[in-house]
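What follows is one structure encoded as structure tokens, with my remarks underneath.
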Amino acid sequence: MFSNYQQGATSSHGGKMKKEQLEKILVALVAALIANGYIRVDGLWCKPVGGAEHIIAKAQGGELRNQSNNGWEAFELPDGSVWLRVEDVGTAHAHLSVRAAAGPLGLAGGCHVPLSNGEQVSARDIFRRVVNPSWVPEYLMTEAARAAGF
């Protein structure tokens with residue numbers, strides 16, 4: 001699923017990055033996201049308005065992507081993790097901090113922005129992810145969730 005990530009992402013100059021370089025950039029990106037109020041949301045149970053409940057999917061990976069919609073800003077990292085923040089007066093600074101942490105990785109536009117159309121996620125799940133961005137919900141530890149790629 002993360003073949004681009006496994007092989008190395010493409011830099012903003014069009015060349016392939018070594019896995020070690022990409023790992024260092026990912027650590028810097030996660031630190032910048034956390035420091036600027038982003039929360040990892042992939043793998044959380046989502047209740048949309050008038051639609052079927054689902055788990056927020058990981059991104060396909062391989063690129064750093066970004067999009068804003070209806071007061072939310074999302075980043076998809078090359079490892080497939082999805083990070084979200086409410087847009088406010090600090091969003092521009094936060095966005096620039098994340099871009100700076102990306103270094104040579106570059107930023108592609110366009111990605112899905114979870115929760116931007118009235119969907120809801122459990123406050124308990126959000127708080128658990130604030131405390132531990134790597135927290136894995138119990139509902140992802142089922143055979144069905146593993147079969148779906150979680």
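Chains: A, B, ... in order of the structure tokens. Residues: from 1 per chain. Ligands: from 1, in order shown.
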
Fewer than 5 positions away in the same chain doesn't count, so skip those; otherwise give me all residues within 10 Å of Asn70 (chain A), counting only C-alpha atoms, as a compact mmCIF listing (two decimals) with C-alpha atoms, in the first residue's frame.
```
# COMPACT_ATOMS: atom_id res chain seq x y z
CA VAL A 86 -9.02 23.97 12.61
CA GLU A 87 -8.21 27.04 10.53
CA VAL A 113 -10.06 16.99 4.33
CA LEU A 115 -14.50 16.45 9.14
CA SER A 116 -14.87 19.39 6.75
CA ASN A 117 -18.46 18.56 5.82
CA GLY A 118 -20.01 18.15 9.26
```

* Hey, what's within 6 Å of region 119-135 of chain A if we count only C-alpha atoms and toss same-chain stuff fewer than 4 positions away? As a PyMOL selection string, please? -> chain A and resi 40+46-49+115

May I have the residues from that selection written out with C-alpha atoms, as a compact mmCIF listing (two decimals), in the first residue's frame?
```
# COMPACT_ATOMS: atom_id res chain seq x y z
CA ARG A 40 -3.60 12.71 13.50
CA CYS A 46 -16.22 8.94 11.75
CA LYS A 47 -19.94 9.70 11.80
CA PRO A 48 -20.95 11.70 8.72
CA VAL A 49 -24.11 13.73 8.40
CA LEU A 115 -14.50 16.45 9.14
```

* Structure fact -> The residue from A:Ala92, A:Leu44, A:Glu23, A:Ile55 with the smallest atom-to-atom distance to Glu73 (chain A), counting only C-alpha atoms, is A:Ala92

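Take the candidates A:Arg65, A:Ser97, A:Leu84, A:Arg146 and check each one against Cys111 (chain A) using only C-alpha atoms; the shortest distance goes to A:Arg65.
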
* To do: May I ask which of the residues A:Pro137, A:Ala59, A:Leu77, A:Met17 is the closest one to Ala101 (chain A), counting only C-alpha atoms?
  => A:Leu77

* To do: Give me every alpha helix (DSSP H) residue in region 9-130 of chain A, going by DSSP on the backbone, as a ChimeraX atom specification.
  => /A:19-35,91-102,123-130

* Work out how far apart CA of Val41 (chain A) and CA of Val82 (chain A) are and give it in Å to one decimal. => 5.7 Å

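Proximity ranking of A:Leu140, A:Val89, A:Leu107, A:Ala145 relative to Glu76 (chain A) places A:Leu107 first, based on only C-alpha atoms.
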
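Shortest separation to Ala100 (chain A) among A:Leu22, A:Ala32, A:Ala57, A:Val27 occurs at residue A:Ala32, atoms counted being only C-alpha atoms.
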